[in-house]
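Here is the structure we will look at.
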Amino acid sequence: MSVETGTDPTTDQTAVNGETATAASARDDAVAPSSVTMTKALNQALRDSLADDDTVLVFGEDVGRLGGVFRVTEGLRAEFGSNRVWDSPLAESGIIGTAIGMAMNGMRPVVEMQFDAYAYPAFEQIVSHVAKMRNRTKGRVSLPITIRIPYAGDIGGVEHHSDSSEAYWTSTPGLTVVTPSNPADAYSLLRESIASDDPVVFMEPKSRYWMKETLSLPVTTAPMNRAQVIREGTDVTLLAYGPTVRTALDSAEAGAEHGLSIEVIDLRTLSPFDDETVSESVRKTSRAAIIHEAAQFGGYGAEVAARLTERNFTHLSAPILRVAGFDVPYPSPKLEEFYLPTVERVLDALESWDWEL
Amino acid sequence: MSVETGTDPTTDQTAVNGETATAASARDDAVAPSSVTMTKALNQALRDSLADDDTVLVFGEDVGRLGGVFRVTEGLRAEFGSNRVWDSPLAESGIIGTAIGMAMNGMRPVVEMQFDAYAYPAFEQIVSHVAKMRNRTKGRVSLPITIRIPYAGDIGGVEHHSDSSEAYWTSTPGLTVVTPSNPADAYSLLRESIASDDPVVFMEPKSRYWMKETLSLPVTTAPMNRAQVIREGTDVTLLAYGPTVRTALDSAEAGAEHGLSIEVIDLRTLSPFDDETVSESVRKTSRAAIIHEAAQFGGYGAEVAARLTERNFTHLSAPILRVAGFDVPYPSPKLEEFYLPTVERVLDALESWDWEL
Amino acid sequence: MTIDVPTTGRSLPQLQPISFIGADGRLTDTPTEGLRIPSDATLTGLYRQMVLVRRFEAQVTHLTRQGRLATYPSAAGQEAAEVGATTALAPNDWLFPTYRDSAALLTRGVPVAEILAAFRGDWHCGFDPHEYHTSPAATPLATQTLHATGFAMAAKLKGEDAATLTFLGDGASSEGDTHEAFNFASVWQTPTVFVLQNNQYAISTPLREQTNATMLADRAAGYGMPGLRVDGNDVAAVFAAVAAALERGRNGDGPTLIECLTYRMESHTNSDDPTKYRDSEEVEHWKQFDPIDRLEKYLRTTGALDDSTVAEIAEAAETLAASVRDAMNTEAEIDPRELFAHVYANPRTALAEQQQVLEAELAAAGHA
Amino acid sequence: MTIDVPTTGRSLPQLQPISFIGADGRLTDTPTEGLRIPSDATLTGLYRQMVLVRRFEAQVTHLTRQGRLATYPSAAGQEAAEVGATTALAPNDWLFPTYRDSAALLTRGVPVAEILAAFRGDWHCGFDPHEYHTSPAATPLATQTLHATGFAMAAKLKGEDAATLTFLGDGASSEGDTHEAFNFASVWQTPTVFVLQNNQYAISTPLREQTNATMLADRAAGYGMPGLRVDGNDVAAVFAAVAAALERGRNGDGPTLIECLTYRMESHTNSDDPTKYRDSEEVEHWKQFDPIDRLEKYLRTTGALDDSTVAEIAEAAETLAASVRDAMNTEAEIDPRELFAHVYANPRTALAEQQQVLEAELAAAGHA
Ligand SMILES: Cc1ncc(C[n+]2csc(CCOP(=O)(O)OP(=O)(O)O)c2C)c(N)n1
Ligand SMILES: Cc1ncc(C[n+]2csc(CCOP(=O)(O)OP(=O)(O)O)c2C)c(N)n1
Ligand SMILES: [Mg+2]
Ligand SMILES: [Mg+2]
């Protein structure tokens, strides 16, 4: 599988995901490989889910005629009709609340929150109902809802358009939180999320939307709930997800030049956390860092660091580090570059360890 | 200072806070000591703030005539009139959103969210505006708002009445998050929160509302943003806040019987975290555990464990442990006792360490 | 049910609440926007059910005072709205109730023990929603109005002959979710009936501090949806209005808002102290509008009800009360392991590990 | 401003939008609910400001196409609503705008560079809200309606002679916050004017999928608040209605909802593609209702405007456009350290530590 440079100026780096390529070529029904952006992969996942299962519904703000502000739902209304794919009134609590009702009545709604910060009006419906309905009813009511949220920054968005809200969802029992970092996973994980009987918060890294891979769809990658070692190494484990997977791979590349052998893991699913895969790597390397865009304090990295330390304390030569956004609100575009975790910041962090231990 | 048994059946244990007693008796204007519940201390803090500062306003659901469902605002409407203390329409986003406008116009609103899960409808206003307004405006607009949230469980509440939502607020840059564990701190921290130019999420542990202390009000305890060592010890540091401070003290007592010298720290303010006080203790004891009611995964304890490990790795003999709620929605009353972290669970956790290290 | 549906078009509801049977037990001459009074047989059934639920509420409140339930919000005084609206539902329709609506659950056929499971702390929702076509009672206010709208939308998309009915309170009408539900339902023309029980208070907050509108039914016009205000203590009016609105919904004519003017006779829940915010005269005043008294008077006039039927119903109510006591005397078996059983459809390793912690604790404590 | 305030009482707004000057530049004979047409002098000022803001929008849109701004939502076509409403404000009143309302900011006196700071990515809000009595433009839809209500409540409590005005869109009218703001403002009787710019679209979503109501102004009745629908492209009507509503508010008579019927002539923002959801005929159709053309025609008829004044205004507009280009040619100096400067009033040690990390990076990169 070759990876092409995206058309978007922010995505002019490359990423490698060997696993997905293998999986793709293993499928009989795969069409000829072509260059696929993440938006196209997501679009195809929605199309295939709509085609395979009559109960799948797609609605939200501007997902119909316009095909979504990121064009992820492009063409779906024309293909499946406005009874399957439609524009809702502009109200996020309304979108999630009605999706709950539809799911109670046997449907599998896939809804879009237009930007990450615009899921907040739906917070009560997500936390008090979506996450809890199965438990409230002793398992009698399932809510197979997929909540698609374009998240994170690095695209020059104005305020409230670049939040990384994953910590809110991962700290809520009852939710499954998934985030792909490449087109193949985007396709495969979205299909699996829609098919899941658990509600899934499906977080799409905006800055990777225009990343291209040569790939044949449909593709089945590693299952949901599993992290993946996407680069092997022996000295350090770098953990990343969504937009920071590229940063991690670049850091590994740069580290190699300094003689550092860095293993990179793409977490892919944030809740549940794949303790097995990650702990195995950390026990091997004895050092790990987690990279994310969200602010460090109380971010998802805290859980990762805490649980890896709990489980692997005696195997660690150094504390698990968090290379994250600063503990400030996401800044305006001109300051993004100073806020976001960069390869330099990652390497500086690794240098801060006492390598003698 | 003597601590009396509360009238509420869930608060029939004792807690000790030597510091606050000293502070209380040091004040000249202190009235004769009497037995004070946490609700009474909070009530007096609101009364004194209203009396001292004309810009302080108290409003929310049922805080006027009724004095709040927990009676924290009892008598305030009668004393200050319905222009200072009043019942709002029933809408939490409305309450926070209008508080923002009032704060922009020079007021210091103190608003109540009736139960923890009922702050969720206001999530967008809190996260996108309350937390960010100062930064959005380069420091030109202050929002000195205090958001009072009765939180946590252990009072036999029906569903959605026992959430511990602190992780949502602590992972949001721009918010200060405070939680008292005893009447003296309740008074002092609430007054300081109201006086602060930063917005404060003030979390009141419901199960401690009826805890009594003999104490003279007004009282000034240790400042906001500082943790306090409330029991000294040498083997282990137990960190707790709000409702679990009692659990920590009881665990220390029980541990002492097994020859374990346990230091207990009441965090008091969750954001910012008092690295200095806590790290000092952890370096001394080399072992620490954090106790909270909220689910473990992505809970506040993750941040505590991660940052303490980052800062004190070489001083640690064992991983920082988290003794927390299970990763499930808060259960119905009959299962509360199995969900909540107990003294036994704390001691079992400490036993799980390899004490030879 | 083929009552003609009142089409309000672009207009506000009539000022006078729709009512058939006045507080004095006689027929009123209020205009009723095309609605017709239900038959005596229907009314007798409604009477019977109101007597039963009142006895139920009294019994549960009594047990709560004895500490057998942790908390209970009674709908005493609101029997006409609870029973009238719920009875109008067809079996295939779905009900979306709140914490206040145990009387509606009972009317819907949910067993007593399953209704009360939540209030005595056994489990959040004690019944199977799919069995009774009834959603778990919602505690986060107004959230259920959107669930009812979404459920109805799915029914419409699937071509099902089903409508949904949701209760909400005067207080809940102020929440953003209520507005979003009204709007979604009307834009999508879902078969949804919003039954707003305006019982004058949201805990301690009186209606005049909740809204500045003449009536809450005035909201409907802003959504292009019919709105009706009915005497919520006249079960005939409630039943007729709701039945017509459900029919309207099933016919593809969209949602309806029905405001039922009523009064909460008891405290908000047992832990509330209503003397802080309302005086006993007001409560006394509302007693004269009692929904059961007036219907009994009326049905005795028409001859549908006589002493023996009344006695028979009273006896059935006592039987129900006894069954409530029995249900509450039986302790439900709740396995602590169920903490972990229903959180996810797909099992999680980390949860299984946590369950091991609990198992060890249970074993140490000698728990089964 | 002593125009009599239309009291709508318990009634719905008139169907025909209030308008003084029709699309043909002549006086209409529409009933105007007691409002009176502004003086020629006032109208000439409004004309001038509309020409200025239109030139501003065109210039900014042009610069955006050149990549000098990341994103820009133009209000081209909506000048009458933007300028008419904002001009009606007294200096002490506060404005609560959205991302769409740069024209209003300009009218309020906010300097060009400070308006555009947000869109070219310098800082979230580029101006001092206290200096211009104008809140930061809100991006999370409808949230500002509550801020305007709260601000007005504080003004009322303090006895200040100030009112607030907030803009919101047809899309934003569906958010729960809008409903809560209408309700709080009406219950508290705050001096708040809600100016709903119904420009027919929320990005791609047309009005008919946003609401099933005949008009959005119908919402007001449900809150016991006066609601008006005005021709939002007739600046005379917008100004008169808003001025009266502000006066009403300041007199203690509470809030008003004013729906301005208008049309967004440009795309939602520069990254939008409107051909996906509307055809050019519709856009052409709306051109005939242009707010500036009609006022120019009208004022030429009355003699308030002649070729030389029109030319002078056009020149002023060019000067403004040049100042916009100049402002965008000057790069703002933004110190990365400011990331940390404004998060809290009370400094935090941990943030200072993080700032050290950044300082080290800056030093390593040779940054000032
Ligand atoms: C979102 C939310 N906020 C607050 C509460 C707390 N609360 C429970 S009942 C109640 C009053 C509701 O009044 P109303 O809607 O009139 O219903 P009623 O109790 O009168 O039946 C309040 C404030 C809640 N359950 N949910
Ligand atoms: C809470 C929230 N949800 C979604 C968005 C994304 N969004 C930005 S503008 C817009 C459409 C708004 O339409 P309208 O209110 O009619 O205003 P207009 O853009 O037409 O001026 C949407 C959906 C947002 N900014 N805030
Ligand atoms: Mg009520
Ligand atoms: Mg619009």
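All residue names refer to the structure tokens as shown: chains lettered A, B, ... in order, residues numbered from 1 in each chain, ligands numbered from 1 in order.
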(Q) Which residues are near Gly106 (chain B)? Cut-off 12 Å, only C-alpha atoms, ignore same chain within fewer than 3 positions. Put them as a list in words. (A)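 Final neighbour list, sorted by chain and number: Asp53, Asp54, Thr55, Val56, Leu57, Ala99, Ile100, Gly101, Met102, Ala103, Pro109, Val141, Ser142, Leu143, Pro144, Ile145 and Asp197 of chain B; His130, Gly150, Phe151, Ala152, Met153, Ala154, Ala155, Leu157, Lys158 and Glu160 of chain D.
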Mind checking which residues fall within 7 Å of region 285-298 of chain B, counting only C-alpha atoms, ignoring those fewer than 2 positions away in the same chain, and posting them as a PDB file with N, CA, C and O atoms, in the first residue's frame?
```pdb
ATOM      1  N   ALA A 167     -11.709  12.973  26.276  1.00  0.00           N
ATOM      2  CA  ALA A 167     -11.684  12.641  27.707  1.00  0.00           C
ATOM      3  C   ALA A 167     -13.095  12.671  28.318  1.00  0.00           C
ATOM      4  O   ALA A 167     -13.392  11.909  29.233  1.00  0.00           O
ATOM      5  N   THR A 170     -14.475   9.248  27.204  1.00  0.00           N
ATOM      6  CA  THR A 170     -13.805   8.054  27.732  1.00  0.00           C
ATOM      7  C   THR A 170     -14.024   7.922  29.239  1.00  0.00           C
ATOM      8  O   THR A 170     -13.977   6.821  29.767  1.00  0.00           O
ATOM      9  N   SER A 171     -14.291   9.028  29.924  1.00  0.00           N
ATOM     10  CA  SER A 171     -14.515   8.894  31.364  1.00  0.00           C
ATOM     11  C   SER A 171     -15.983   8.613  31.686  1.00  0.00           C
ATOM     12  O   SER A 171     -16.370   8.659  32.849  1.00  0.00           O
ATOM     13  N   TYR A 300      -6.896  12.240  28.197  1.00  0.00           N
ATOM     14  CA  TYR A 300      -6.944  10.784  28.085  1.00  0.00           C
ATOM     15  C   TYR A 300      -5.595  10.164  28.429  1.00  0.00           C
ATOM     16  O   TYR A 300      -5.518   9.041  28.946  1.00  0.00           O
ATOM     17  N   GLU A 303      -5.169   8.629  31.921  1.00  0.00           N
ATOM     18  CA  GLU A 303      -5.621   7.250  32.124  1.00  0.00           C
ATOM     19  C   GLU A 303      -4.590   6.268  31.598  1.00  0.00           C
ATOM     20  O   GLU A 303      -4.266   5.270  32.244  1.00  0.00           O
TER      21      GLU A 303
ATOM     22  N   ALA B 152     -21.785  13.356  44.064  1.00  0.00           N
ATOM     23  CA  ALA B 152     -21.446  12.048  44.630  1.00  0.00           C
ATOM     24  C   ALA B 152     -22.666  11.373  45.275  1.00  0.00           C
ATOM     25  O   ALA B 152     -23.756  11.933  45.288  1.00  0.00           O
ATOM     26  N   SER B 164     -20.596  11.648  40.127  1.00  0.00           N
ATOM     27  CA  SER B 164     -19.411  12.429  40.478  1.00  0.00           C
ATOM     28  C   SER B 164     -18.811  12.898  39.158  1.00  0.00           C
ATOM     29  O   SER B 164     -18.142  12.141  38.465  1.00  0.00           O
ATOM     30  N   THR B 234       3.979   7.829  57.686  1.00  0.00           N
ATOM     31  CA  THR B 234       5.282   7.655  57.055  1.00  0.00           C
ATOM     32  C   THR B 234       5.325   6.571  55.977  1.00  0.00           C
ATOM     33  O   THR B 234       6.236   6.553  55.145  1.00  0.00           O
ATOM     34  N   ASP B 235       4.347   5.668  55.980  1.00  0.00           N
ATOM     35  CA  ASP B 235       4.429   4.526  55.066  1.00  0.00           C
ATOM     36  C   ASP B 235       3.713   4.735  53.734  1.00  0.00           C
ATOM     37  O   ASP B 235       4.136   4.228  52.697  1.00  0.00           O
ATOM     38  N   VAL B 236       2.595   5.394  53.796  1.00  0.00           N
ATOM     39  CA  VAL B 236       1.726   5.513  52.622  1.00  0.00           C
ATOM     40  C   VAL B 236       1.073   6.890  52.670  1.00  0.00           C
ATOM     41  O   VAL B 236       0.742   7.385  53.745  1.00  0.00           O
ATOM     42  N   THR B 237       0.863   7.471  51.491  1.00  0.00           N
ATOM     43  CA  THR B 237       0.048   8.687  51.410  1.00  0.00           C
ATOM     44  C   THR B 237      -1.296   8.333  50.785  1.00  0.00           C
ATOM     45  O   THR B 237      -1.340   7.786  49.685  1.00  0.00           O
ATOM     46  N   LEU B 238      -2.359   8.631  51.509  1.00  0.00           N
ATOM     47  CA  LEU B 238      -3.698   8.461  50.928  1.00  0.00           C
ATOM     48  C   LEU B 238      -4.220   9.824  50.528  1.00  0.00           C
ATOM     49  O   LEU B 238      -4.269  10.747  51.348  1.00  0.00           O
ATOM     50  N   LEU B 239      -4.612   9.935  49.264  1.00  0.00           N
ATOM     51  CA  LEU B 239      -5.165  11.193  48.765  1.00  0.00           C
ATOM     52  C   LEU B 239      -6.667  11.038  48.624  1.00  0.00           C
ATOM     53  O   LEU B 239      -7.150  10.026  48.122  1.00  0.00           O
ATOM     54  N   ALA B 240      -7.386  12.067  49.061  1.00  0.00           N
ATOM     55  CA  ALA B 240      -8.838  11.976  48.970  1.00  0.00           C
ATOM     56  C   ALA B 240      -9.405  13.371  48.846  1.00  0.00           C
ATOM     57  O   ALA B 240      -8.693  14.360  49.028  1.00  0.00           O
ATOM     58  N   THR B 244     -14.668  11.176  50.059  1.00  0.00           N
ATOM     59  CA  THR B 244     -13.784  10.057  50.385  1.00  0.00           C
ATOM     60  C   THR B 244     -12.732  10.423  51.430  1.00  0.00           C
ATOM     61  O   THR B 244     -11.940   9.563  51.822  1.00  0.00           O
ATOM     62  N   SER B 281       4.786  14.886  50.295  1.00  0.00           N
ATOM     63  CA  SER B 281       4.328  13.735  51.083  1.00  0.00           C
ATOM     64  C   SER B 281       4.712  12.423  50.406  1.00  0.00           C
ATOM     65  O   SER B 281       5.210  11.496  51.045  1.00  0.00           O
ATOM     66  N   VAL B 282       4.506  12.362  49.100  1.00  0.00           N
ATOM     67  CA  VAL B 282       4.755  11.121  48.376  1.00  0.00           C
ATOM     68  C   VAL B 282       6.253  10.793  48.390  1.00  0.00           C
ATOM     69  O   VAL B 282       6.653   9.637  48.483  1.00  0.00           O
ATOM     70  N   ARG B 283       7.068  11.815  48.316  1.00  0.00           N
ATOM     71  CA  ARG B 283       8.514  11.563  48.387  1.00  0.00           C
ATOM     72  C   ARG B 283       8.913  11.006  49.754  1.00  0.00           C
ATOM     73  O   ARG B 283       9.833  10.217  49.878  1.00  0.00           O
ATOM     74  N   TYR B 300     -10.628  11.397  37.870  1.00  0.00           N
ATOM     75  CA  TYR B 300      -9.647  12.386  38.301  1.00  0.00           C
ATOM     76  C   TYR B 300      -8.390  11.708  38.849  1.00  0.00           C
ATOM     77  O   TYR B 300      -7.284  12.230  38.730  1.00  0.00           O
ATOM     78  N   GLY B 301      -8.555  10.547  39.419  1.00  0.00           N
ATOM     79  CA  GLY B 301      -7.414   9.812  39.966  1.00  0.00           C
ATOM     80  C   GLY B 301      -6.357   9.515  38.925  1.00  0.00           C
ATOM     81  O   GLY B 301      -5.165   9.383  39.254  1.00  0.00           O
ATOM     82  N   ALA B 302      -6.751   9.404  37.668  1.00  0.00           N
ATOM     83  CA  ALA B 302      -5.782   9.144  36.605  1.00  0.00           C
ATOM     84  C   ALA B 302      -4.801  10.302  36.517  1.00  0.00           C
ATOM     85  O   ALA B 302      -3.584  10.095  36.427  1.00  0.00           O
ATOM     86  N   HIS B 315      11.313   8.300  43.335  1.00  0.00           N
ATOM     87  CA  HIS B 315      11.024   8.225  44.768  1.00  0.00           C
ATOM     88  C   HIS B 315       9.978   7.171  45.103  1.00  0.00           C
ATOM     89  O   HIS B 315       9.668   6.956  46.266  1.00  0.00           O
ATOM     90  N   LEU B 316       9.376   6.600  44.069  1.00  0.00           N
ATOM     91  CA  LEU B 316       8.267   5.677  44.314  1.00  0.00           C
ATOM     92  C   LEU B 316       8.748   4.243  44.502  1.00  0.00           C
ATOM     93  O   LEU B 316       9.565   3.751  43.721  1.00  0.00           O
ATOM     94  N   SER B 317       8.198   3.577  45.510  1.00  0.00           N
ATOM     95  CA  SER B 317       8.481   2.159  45.692  1.00  0.00           C
ATOM     96  C   SER B 317       7.411   1.287  45.044  1.00  0.00           C
ATOM     97  O   SER B 317       7.562   0.069  44.975  1.00  0.00           O
ATOM     98  N   ALA B 318       6.345   1.916  44.636  1.00  0.00           N
ATOM     99  CA  ALA B 318       5.221   1.141  44.090  1.00  0.00           C
ATOM    100  C   ALA B 318       4.394   2.074  43.222  1.00  0.00           C
ATOM    101  O   ALA B 318       4.472   3.293  43.372  1.00  0.00           O
ATOM    102  N   ILE B 320       1.397   4.305  41.925  1.00  0.00           N
ATOM    103  CA  ILE B 320       0.290   5.000  42.582  1.00  0.00           C
ATOM    104  C   ILE B 320      -0.987   4.220  42.260  1.00  0.00           C
ATOM    105  O   ILE B 320      -1.238   3.897  41.098  1.00  0.00           O
ATOM    106  N   LEU B 321      -1.744   3.924  43.272  1.00  0.00           N
ATOM    107  CA  LEU B 321      -2.961   3.145  43.042  1.00  0.00           C
ATOM    108  C   LEU B 321      -4.182   4.043  43.038  1.00  0.00           C
ATOM    109  O   LEU B 321      -4.204   5.105  43.649  1.00  0.00           O
ATOM    110  N   ARG B 322      -5.202   3.553  42.351  1.00  0.00           N
ATOM    111  CA  ARG B 322      -6.476   4.265  42.364  1.00  0.00           C
ATOM    112  C   ARG B 322      -7.537   3.358  42.967  1.00  0.00           C
ATOM    113  O   ARG B 322      -7.748   2.251  42.481  1.00  0.00           O
ATOM    114  N   VAL B 323      -8.131   3.825  44.035  1.00  0.00           N
ATOM    115  CA  VAL B 323      -9.242   3.076  44.624  1.00  0.00           C
ATOM    116  C   VAL B 323     -10.481   3.911  44.338  1.00  0.00           C
ATOM    117  O   VAL B 323     -10.693   4.972  44.926  1.00  0.00           O
ATOM    118  N   ALA B 324     -11.265   3.419  43.396  1.00  0.00           N
ATOM    119  CA  ALA B 324     -12.323   4.269  42.860  1.00  0.00           C
ATOM    120  C   ALA B 324     -13.583   3.455  42.649  1.00  0.00           C
ATOM    121  O   ALA B 324     -13.633   2.261  42.946  1.00  0.00           O
ATOM    122  N   GLY B 325     -14.605   4.111  42.159  1.00  0.00           N
ATOM    123  CA  GLY B 325     -15.790   3.386  41.748  1.00  0.00           C
ATOM    124  C   GLY B 325     -15.434   2.473  40.593  1.00  0.00           C
ATOM    125  O   GLY B 325     -14.434   2.680  39.905  1.00  0.00           O
ATOM    126  N   PHE B 326     -16.244   1.437  40.402  1.00  0.00           N
ATOM    127  CA  PHE B 326     -16.020   0.567  39.251  1.00  0.00           C
ATOM    128  C   PHE B 326     -16.391   1.312  37.976  1.00  0.00           C
ATOM    129  O   PHE B 326     -17.072   2.342  38.026  1.00  0.00           O
ATOM    130  N   ASP B 327     -15.965   0.779  36.842  1.00  0.00           N
ATOM    131  CA  ASP B 327     -16.230   1.447  35.563  1.00  0.00           C
ATOM    132  C   ASP B 327     -17.625   1.132  35.029  1.00  0.00           C
ATOM    133  O   ASP B 327     -17.795   0.606  33.929  1.00  0.00           O
ATOM    134  N   VAL B 328     -18.589   1.484  35.847  1.00  0.00           N
ATOM    135  CA  VAL B 328     -20.003   1.227  35.515  1.00  0.00           C
ATOM    136  C   VAL B 328     -20.795   2.468  35.917  1.00  0.00           C
ATOM    137  O   VAL B 328     -20.327   3.267  36.719  1.00  0.00           O
ATOM    138  N   LEU B 340     -19.168   1.630  45.959  1.00  0.00           N
ATOM    139  CA  LEU B 340     -18.334   2.665  46.565  1.00  0.00           C
ATOM    140  C   LEU B 340     -17.036   2.117  47.146  1.00  0.00           C
ATOM    141  O   LEU B 340     -17.011   1.019  47.700  1.00  0.00           O
ATOM    142  N   PRO B 341     -15.964   2.884  47.039  1.00  0.00           N
ATOM    143  CA  PRO B 341     -14.698   2.463  47.647  1.00  0.00           C
ATOM    144  C   PRO B 341     -14.848   2.432  49.173  1.00  0.00           C
ATOM    145  O   PRO B 341     -15.300   3.407  49.773  1.00  0.00           O
TER     146      PRO B 341
END
```
How would you report the residues lying within 7 Å of ligand 4, as a PDB file with N, CA, C and O atoms, in the first residue's frame, if you count only C-alpha atoms and all ligand atoms?
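Contents of result_33.pdb, as written:
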```
ATOM      1  N   GLY D 169     -29.848  33.405  14.206  1.00  0.00           N
ATOM      2  CA  GLY D 169     -30.300  32.994  12.887  1.00  0.00           C
ATOM      3  C   GLY D 169     -31.506  32.077  12.932  1.00  0.00           C
ATOM      4  O   GLY D 169     -31.917  31.619  14.000  1.00  0.00           O
ATOM      5  N   ASP D 170     -32.070  31.802  11.770  1.00  0.00           N
ATOM      6  CA  ASP D 170     -33.192  30.867  11.681  1.00  0.00           C
ATOM      7  C   ASP D 170     -32.752  29.492  12.158  1.00  0.00           C
ATOM      8  O   ASP D 170     -33.498  28.794  12.861  1.00  0.00           O
ATOM      9  N   GLY D 171     -31.535  29.100  11.822  1.00  0.00           N
ATOM     10  CA  GLY D 171     -31.040  27.812  12.313  1.00  0.00           C
ATOM     11  C   GLY D 171     -30.915  27.814  13.822  1.00  0.00           C
ATOM     12  O   GLY D 171     -31.395  26.908  14.505  1.00  0.00           O
ATOM     13  N   GLN D 197     -32.528  36.982  12.494  1.00  0.00           N
ATOM     14  CA  GLN D 197     -32.321  37.191  11.057  1.00  0.00           C
ATOM     15  C   GLN D 197     -32.654  35.895  10.326  1.00  0.00           C
ATOM     16  O   GLN D 197     -31.821  34.989  10.252  1.00  0.00           O
ATOM     17  N   ASN D 198     -33.849  35.854   9.809  1.00  0.00           N
ATOM     18  CA  ASN D 198     -34.271  34.677   9.059  1.00  0.00           C
ATOM     19  C   ASN D 198     -33.814  34.849   7.624  1.00  0.00           C
ATOM     20  O   ASN D 198     -34.506  35.442   6.800  1.00  0.00           O
ATOM     21  N   ASN D 199     -32.622  34.321   7.349  1.00  0.00           N
ATOM     22  CA  ASN D 199     -32.054  34.455   5.997  1.00  0.00           C
ATOM     23  C   ASN D 199     -32.294  33.181   5.180  1.00  0.00           C
ATOM     24  O   ASN D 199     -31.594  32.909   4.220  1.00  0.00           O
ATOM     25  N   GLN D 200     -33.276  32.405   5.602  1.00  0.00           N
ATOM     26  CA  GLN D 200     -33.804  31.259   4.834  1.00  0.00           C
ATOM     27  C   GLN D 200     -32.957  29.988   4.889  1.00  0.00           C
ATOM     28  O   GLN D 200     -33.442  28.930   4.491  1.00  0.00           O
ATOM     29  N   TYR D 201     -31.725  30.114   5.341  1.00  0.00           N
ATOM     30  CA  TYR D 201     -30.871  28.929   5.372  1.00  0.00           C
ATOM     31  C   TYR D 201     -30.036  28.867   6.637  1.00  0.00           C
ATOM     32  O   TYR D 201     -29.586  29.902   7.138  1.00  0.00           O
ATOM     33  N   ALA D 202     -29.829  27.672   7.121  1.00  0.00           N
ATOM     34  CA  ALA D 202     -28.794  27.389   8.103  1.00  0.00           C
ATOM     35  C   ALA D 202     -27.788  26.524   7.349  1.00  0.00           C
ATOM     36  O   ALA D 202     -28.048  25.348   7.081  1.00  0.00           O
ATOM     37  N   ILE D 203     -26.694  27.120   6.972  1.00  0.00           N
ATOM     38  CA  ILE D 203     -25.798  26.513   5.987  1.00  0.00           C
ATOM     39  C   ILE D 203     -26.661  26.013   4.826  1.00  0.00           C
ATOM     40  O   ILE D 203     -27.203  26.855   4.097  1.00  0.00           O
TER      41      ILE D 203
END
```
Q) If we count only C-alpha atoms, what is near region 219-235 of chain D at a cut-off of 6 Å, once residues fewer than 5 positions away on the same chain are taken out, given as a PyMOL selection string? A) (chain C and resi 212-213+218-219+222) or (chain D and resi 8+13+17-19+80-81+84+183+256-262+291)
(Q) What parts of region 54-287 of chain D does DSSP call strand (DSSP E or B)? I'd like the answer as a PyMOL selection string. (A) chain D and resi 94-96+98+134+138+164-169+192-198+201-202+205-206+227-231+256-261
Q. Can you tell me which residues sit at most 9 Å away from ligand 1, counting only C-alpha atoms and all ligand atoms, written as a PyMOL selection string?
A. (chain A and resi 124) or (chain B and resi 61-62+90-92+113-115+117-121+160-161) or (chain C and resi 73-75+98-101+138-143+168-175+196-207+210+263-264+268-269)
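When CA of Ala256 (chain B) is paired with CA of Gln228 (chain B), their separation reads 20.0 Å.
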(Q) Let's see if you can do this: from backbone DSSP, list all alpha helix (DSSP H) residues in region 207-339 of chain B, as a VMD selection string. (A) chain B and resid 244 to 257 275 to 285 300 to 312 336 to 339
Q: Tell me which protein, DNA and RNA residues are within 9 Å of Val51 (chain D), counting only C-alpha atoms, leaving out same-chain ones fewer than 3 positions away, and put them as a list in words.
A: Leu46, Tyr47, Arg48, Arg54, Arg55, Phe56, Glu79, Ile292, Ile313, Ala314 and Ala317 of chain D
Q: Write out as a list in words which residues come within 8 Å of Gly94 (chain B) when counting only C-alpha atoms, dropping same-chain ones fewer than 4 positions away.
A: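 The neighbour list is Thr98 and Ala122 of chain B; Leu146, Asp177, Glu180, Ala181 and Phe184 of chain D.
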